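Take a look at the structure below.
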Amino acid sequence: MSVPQYRKAAAIALVAGLGFSIAACSTKGSDDSGKDASGKTVITVDCQPDGSQKDLLANWNADVKAFEQQNPDVTIKSVSVGQQCDNPPDFTARLTGGTMTDVFYGYMTDLQQVLDSGQALDLTSYANKDNIPTWDSVDPALKAVFTDSGKIYAIPTKNYSMGLVYNKTLFTKAGLDINNPPKTWAEVRAAAKKISALGGGVAGYSDYSAGNTGGWHFTAELYSQGGEILSSDGKKADFNNPMGKQVLTNLKDMRYGDNSMGSRQLLQWADLLTNAAAGKVGMFIGAPDATTSIVQQFQGKYQDWAMAPLPGQDGIAKGTLGGGEGYFFRKDLTPEQVKAGLKWIAFEKLTPGKGQFDYARAKPQNQPVGLPQPLLFAAGTEAQKQEVDLRKANQNVPSENFGLFEATPVPIKGEPANAQAIYAVLDSAMSGVLTNPNANVDELLKTAETKTNQLLAAGS
Amino acid sequence: MATTISFQDTKKKQRGPAGVNLSAGSRTRRGRKLRDNLTGYAFLIGAIFCFALFQWFPMIRGIVMSFQHTKRGVTTWVGFDNFVRIVQDPSFWTAWKNTFYFTVLALILGYAVPFVVAILLNEFRHFKGYLRILVYLPVMLPPASALFLFKYYAYDPSDAGLFNAILKFFHLPTSQWMQSPTMTMPAMVIASTWMNMGAAVLIYLAALQNIPGELYEAAELDGAGLLRRIWNVTIPQTRLILALLAMLQIVATMQVFIEPLILANGAGTQDSATSVAYLIYQHGFFQNDLNGAAALGVIMLLVLAAFSAVYVRLTTKQD
């Protein structure tokens with residue numbers, strides 16, 4: 001081939017390649033009818049565990065196979081989106097780019113964002129016992145979280161609330177009673193001091209202050225004091241008060257008064273859990289599944305961790321922060337796809353003994369069985385009883401590890417409106433007390449209040 | 001129109017009786033030229049397609065979005081509302097202040113250091129090649145890896161951190177680095193300079209090696225010392241490159257993003273690391289406010305365009 005011919009061939013190949021690339025840029029797993037060539041209904045589902053979570057991935061794939069055998073007219077195409085299914089920037093990028101799977105995972109706080117994108121299907125007429133056999137047992141409060149103007153937009157699949165997570169091994173080494181964890185912030189401070197005295201870079205208590213997670217934990221700690229982030233009409237900040245001051249003062253006292261929070265700050269989610277898995281954190285606030293992450297993602301040990309109710313200023317917390325997850329459905333699905341998706345969610349997430357509740361399978365894999373959450377089913381319902389019985393029969397996490405947390409329910413409050421924007425503002429107050437020994441708590445709160453009010457006034 | 005025809009006719013006439021044939025020949029030539037250039041056009045399609053898809057379309061889409069608001073899947077035109085709202089964001093002015101501060105510091109440190117390093121390298125008689133590779137090596141590291149090195153190895157606030165260990169060795173006070181509001185920006189500039197200076201050093205070196213040796217010899221004969229030779233020979237001779245890199249440096253550093261994202265986990269202590277680009281990211285990807293993010297992007301585009309215009313005007317005048 002002569003040089004000019006070679007160039008022409010290369011140019012044609014380039015143009016053809018571009019054409020094929022464009023043709024390949026499709027996210028749909030099927031044609032508009034939602035069926036493949038063999039007439040099967042096809043749905044794509046995200047949040048498949050990634051390759052590093054071998055057991056979980058094997059379980060998911062086995063569940064898909066079993067589901068497809070039970071429903072030979074349905075094909076599930078699984079998509080992995082990383083270990084943290086809903087990493088906010090990734091989630092927003094996929095949502096904005098319109099590349100969500102047919103059935104997609106989201107946090108409870110994502111509802112408005114998903115509705116604004118115009119991509120969520122109204123599931124009201126589909127969410128019933130016919131499609132999800134345990135639907136009537138699902139906690140109505142969780143359904144309400146995913147409901148807007150009387151219409152339900154997602155199926156809840158997880159529900160949690162925060163408490164005090166503590167390392168039993170470090171408690172024992174520090175001479176603390178593992179069966180009597182701190183109930184107040186003063187007791188947390190005293191315990192943190194003893195644990196940090198062990199040396200070796202151990203932080204007695206650890207907390208977030210970056211990537212919006214600082215504001216998230218400030219909110220939980222404010223709820224523990226009985227406070228609120230916003231006024232009842234949602235128009236003003238409501239944390240610049242003695243309760244907000246107490247939250248920051250507690251942290252500043254531990255960080256600089258006692259030096260019991262370690263020198264490395266500006267921590268966000270993965271930073272703290274990495275340190276915790278390495279045995280460098282005595283206590284932090286989190287949900288029961290924080291221990292799951294510590295073990296499954298950061299190679300920690302279940303045996304080390306226990307959980308108590310969230311501490312309050314003078315006793316057990318007056319409130320705690322709750323949250324959860326669910327699955328949304330794309331607006332352009334056919335009725336057959338919606339029904340297939342609901343059947344899958346029911347199979348994988350809402351059936352005792354199956355999927356996430358398949359405790360008999362999880363136990364030999366050293367997955368945690370015995371965690372008190374997710375609390376998906378309402379107390380006293382048939383599904384709840386089945387789930388509890390199965391959990392107890394297969395329990396591998398000592399019940400006493402979570403006994404106190406389970407036995408002492410704390411009122412659960414949801415996240416405030418405009419949560420992420422407000423958390424970004426509150427990060428600054430948290431980082432102030434954790435990185436500046438001369439931080440003025442009053443000024444930090446005043447600044448955060450002013451900024452939050454500006455945000456609310458601007459309608460951001 | 002008639003005049004045009006008449007003019008063309010005149011031209012044809014001027015070309016003589018073979019005018020008509022000449023015109024046909026011209027068409028044939030054009031056809032051949034077009035065929036000859038088809039390969040070029042095919043290659044061009046690829047470039048145009050890529051630019052259009054990944055550069056021009058997102059840019060135009062961003063500008064359009066900055067004047068829109070999307071709620072419940074319904075997009076409406078809102079004029080300058082997003083711009084007003086974004087200016088009222090409590091972090092707006094902090095982000096601009098931090099960004100300008102980073103740019104100025106980077107201009108002082110990140111601009112001067114590579115030039116000095118290039119002059120030093122140019123003076124070396126031996127191991128020039130090895131030294132150039134050493135200087136260029138950090139550029140080959142992925143930026144995220146380089147910044148994680150700084151974050152966990154150099155800027156560790158305990159005495160175990162590399163920089164603190166060095167300071168302690170010389171009995172100097174240690175620093176909290178990224179956890180100190182006053183040190184956040186200088187620390188980010190140091191890391192950024194280390195990461196990026198290799199390319200600038202090589203460009204400067206190429207420019208330095210093009211300076212005729214006679215100029216230095218003449219300056220030496222006139223009794224000029226090292227500093228005077230740099231001031232009177234090196235700088236004037238590399239003026240254009242210096243000006244170009246200054247402009248590129250300003251435009252690049254004003255878009256600082258990955259440094260705060262990795263080194264400071266975003267906003268840093270008490271917003272000391274929040275840059276404009278990071279604020280865009282916050283609005284777009286955390287606050288469900290893509291329209292506000294687009295408006296801030298447009299403001300940034302205008303500011304950078306203004307800088308570029310001033311630069312072009314200044315350099316044109318000088319030329």
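In the structure tokens, chains take the letters A, B, ... in the order shown, each chain's residues start at 1, and ligands count up from 1 in the order shown.
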Original post:
Which polymer residues have any atom within 12 Å of an atom of B:Met59, counting only C-alpha atoms, with same-chain residues fewer than 4 positions away left out, as a list in words?
Top reply: Phe51, Ala52, Leu53, Phe54, Gln55, Ile63, Val64, Met65, Ser66, Ala294, Ala295, Gly297, Val298 and Leu301 of chain B
Take the residues from that selection and write them out as a PDB file, in the first residue's frame, keeping N, CA and C atoms.
ATOM      1  N   PHE B  51     -13.299  18.101  19.140  1.00  0.00           N
ATOM      2  CA  PHE B  51     -13.376  19.442  19.743  1.00  0.00           C
ATOM      3  C   PHE B  51     -14.834  19.831  19.990  1.00  0.00           C
ATOM      4  N   ALA B  52     -15.665  19.564  18.983  1.00  0.00           N
ATOM      5  CA  ALA B  52     -17.073  19.958  19.100  1.00  0.00           C
ATOM      6  C   ALA B  52     -17.749  19.219  20.250  1.00  0.00           C
ATOM      7  N   LEU B  53     -17.462  17.916  20.335  1.00  0.00           N
ATOM      8  CA  LEU B  53     -18.146  17.102  21.338  1.00  0.00           C
ATOM      9  C   LEU B  53     -17.627  17.357  22.754  1.00  0.00           C
ATOM     10  N   PHE B  54     -16.304  17.471  22.877  1.00  0.00           N
ATOM     11  CA  PHE B  54     -15.737  17.536  24.223  1.00  0.00           C
ATOM     12  C   PHE B  54     -15.346  18.948  24.665  1.00  0.00           C
ATOM     13  N   GLN B  55     -15.304  19.921  23.747  1.00  0.00           N
ATOM     14  CA  GLN B  55     -14.906  21.274  24.137  1.00  0.00           C
ATOM     15  C   GLN B  55     -16.016  22.291  23.868  1.00  0.00           C
ATOM     16  N   ILE B  63     -22.939  27.579  29.120  1.00  0.00           N
ATOM     17  CA  ILE B  63     -23.402  28.974  29.058  1.00  0.00           C
ATOM     18  C   ILE B  63     -24.935  29.002  29.023  1.00  0.00           C
ATOM     19  N   VAL B  64     -25.524  28.130  28.222  1.00  0.00           N
ATOM     20  CA  VAL B  64     -26.994  28.076  28.146  1.00  0.00           C
ATOM     21  C   VAL B  64     -27.574  27.720  29.519  1.00  0.00           C
ATOM     22  N   MET B  65     -26.972  26.701  30.161  1.00  0.00           N
ATOM     23  CA  MET B  65     -27.482  26.263  31.469  1.00  0.00           C
ATOM     24  C   MET B  65     -27.420  27.351  32.530  1.00  0.00           C
ATOM     25  N   SER B  66     -26.437  28.245  32.391  1.00  0.00           N
ATOM     26  CA  SER B  66     -26.279  29.294  33.403  1.00  0.00           C
ATOM     27  C   SER B  66     -27.452  30.278  33.388  1.00  0.00           C
ATOM     28  N   ALA B 294     -22.942  26.210  36.682  1.00  0.00           N
ATOM     29  CA  ALA B 294     -22.693  26.699  35.315  1.00  0.00           C
ATOM     30  C   ALA B 294     -22.493  28.225  35.333  1.00  0.00           C
ATOM     31  N   ALA B 295     -23.288  28.927  36.144  1.00  0.00           N
ATOM     32  CA  ALA B 295     -23.158  30.391  36.225  1.00  0.00           C
ATOM     33  C   ALA B 295     -21.772  30.765  36.753  1.00  0.00           C
ATOM     34  N   GLY B 297     -19.140  28.961  36.538  1.00  0.00           N
ATOM     35  CA  GLY B 297     -18.204  28.606  35.466  1.00  0.00           C
ATOM     36  C   GLY B 297     -18.110  29.716  34.425  1.00  0.00           C
ATOM     37  N   VAL B 298     -19.246  30.305  34.099  1.00  0.00           N
ATOM     38  CA  VAL B 298     -19.253  31.393  33.112  1.00  0.00           C
ATOM     39  C   VAL B 298     -18.513  32.615  33.664  1.00  0.00           C
ATOM     40  N   LEU B 301     -14.940  31.916  33.367  1.00  0.00           N
ATOM     41  CA  LEU B 301     -14.542  32.022  31.958  1.00  0.00           C
ATOM     42  C   LEU B 301     -14.313  33.489  31.580  1.00  0.00           C
TER      43      LEU B 301
END
Original post:
What residues in chain A lie within 6 Å of chain B, counting only C-alpha atoms, written as a PyMOL selection string?
Top reply: chain A and resi 8+11+89+92+113+115-118+210-211+420-421+428+431-432+435+451+458
**OP:** Between A:Leu434, A:Leu310, A:Ala66, A:Ala393, single out the one closest to A:Thr408, counting only C-alpha atoms.
**Re:** A:Leu310
Can you list, as an mmCIF file with C-alpha atoms, in the first residue's frame, every protein, DNA or RNA residue that comes within 10 Å of B:Tyr101 when you count only C-alpha atoms, leaving out same-chain residues fewer than 6 positions away?
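Output file out_12.cif follows:
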data_model
loop_
_atom_site.group_PDB
_atom_site.id
_atom_site.type_symbol
_atom_site.label_atom_id
_atom_site.label_comp_id
_atom_site.auth_asym_id
_atom_site.auth_seq_id
_atom_site.Cartn_x
_atom_site.Cartn_y
_atom_site.Cartn_z
ATOM 1 C CA ALA B 95 -13.309 31.291 46.935
ATOM 2 C CA LEU B 107 3.309 33.291 40.305
ATOM 3 C CA MET B 185 -2.215 28.015 50.524
ATOM 4 C CA PRO B 186 1.621 28.085 50.688
ATOM 5 C CA VAL B 189 1.582 26.049 46.059
ATOM 6 C CA MET B 254 -6.821 30.170 38.597
ATOM 7 C CA SER B 275 -11.158 27.664 45.302
#
**OP:** Please provide as an MDAnalysis selection string all residues within 7 Å of stretch 108-119 of chain B, with the sequence filter that same-chain residues fewer than 4 positions apart are discarded (counting only C-alpha atoms).
**Re:** chainID B and resid 104 123 193 197 200:201 204:205
Please produce an output containing N, CA and C atoms for each residue in the selection, written as a short mmCIF file (atom, residue, chain, number, x, y, z; two decimals), in the first residue's frame.
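Contents of the output file result_18.cif:
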data_model
loop_
_atom_site.label_atom_id
_atom_site.label_comp_id
_atom_site.auth_asym_id
_atom_site.auth_seq_id
_atom_site.Cartn_x
_atom_site.Cartn_y
_atom_site.Cartn_z
N VAL B 104 -1.32 34.32 42.94
CA VAL B 104 -0.20 35.22 43.21
C VAL B 104 0.98 34.44 43.79
N GLU B 123 23.84 25.94 33.54
CA GLU B 123 25.23 26.23 33.90
C GLU B 123 26.04 24.94 34.14
N THR B 193 3.90 23.39 42.66
CA THR B 193 5.12 23.77 41.96
C THR B 193 5.99 22.53 41.73
N MET B 197 6.61 21.86 37.79
CA MET B 197 7.66 22.74 37.26
C MET B 197 8.53 22.08 36.18
N ALA B 200 7.94 23.44 32.68
CA ALA B 200 8.39 24.82 32.53
C ALA B 200 9.92 24.89 32.46
N VAL B 201 10.58 24.07 33.28
CA VAL B 201 12.05 24.06 33.28
C VAL B 201 12.58 23.68 31.89
N TYR B 204 12.11 26.58 29.49
CA TYR B 204 13.10 27.62 29.77
C TYR B 204 14.48 27.21 29.28
N LEU B 205 14.81 25.92 29.54
CA LEU B 205 16.13 25.44 29.13
C LEU B 205 16.31 25.56 27.62
#
**OP:** For stretch 247-250 of chain A, please output as a list in words all residues within 9 Å (counting only C-alpha atoms; exclusion window: fewer than 5 positions along the same chain).
**Re:** Trp185, Ala186, Arg189, Phe218, Glu221, Leu222, Gln225, Pro242, Arg255, Ala429, Met430, Val433, Leu434, Val441 and Leu445 of chain A
Any chance you could export the current selection's C-alpha atoms as a PDB file, in the first residue's frame?
ATOM      1  CA  TRP A 185     -20.447  13.477  76.237  1.00  0.00           C
ATOM      2  CA  ALA A 186     -18.594  14.038  79.504  1.00  0.00           C
ATOM      3  CA  ARG A 189     -14.388  12.747  76.961  1.00  0.00           C
ATOM      4  CA  PHE A 218     -22.354  18.175  63.696  1.00  0.00           C
ATOM      5  CA  GLU A 221     -24.330  15.688  67.655  1.00  0.00           C
ATOM      6  CA  LEU A 222     -26.676  18.672  67.740  1.00  0.00           C
ATOM      7  CA  GLN A 225     -28.267  17.768  72.529  1.00  0.00           C
ATOM      8  CA  PRO A 242     -26.127  26.847  73.771  1.00  0.00           C
ATOM      9  CA  ARG A 255      -8.968  17.921  70.732  1.00  0.00           C
ATOM     10  CA  ALA A 429     -17.010  25.229  62.130  1.00  0.00           C
ATOM     11  CA  MET A 430     -15.970  21.622  62.735  1.00  0.00           C
ATOM     12  CA  VAL A 433     -12.393  23.590  66.537  1.00  0.00           C
ATOM     13  CA  LEU A 434     -10.400  20.554  65.424  1.00  0.00           C
ATOM     14  CA  VAL A 441     -16.609  28.791  69.185  1.00  0.00           C
ATOM     15  CA  LEU A 445     -21.162  29.438  65.090  1.00  0.00           C
TER      16      LEU A 445
END
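Atom to atom, atom CA of A:Gln395 and atom CA of A:Gln356 stand 14.2 Å apart.
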**OP:** Identify, on the basis of only C-alpha atoms, every residue whose closest approach to A:Gly279 does not exceed 9 Å; exclude the query and any residue fewer than 2 positions from it along the same chain; express the result as a count of residues only.
**Re:** 12
**OP:** Enter the distance from atom CA of A:Gly175 to atom CA of A:Trp305, in Å, rounded to one decimal.
**Re:** 16.1 Å
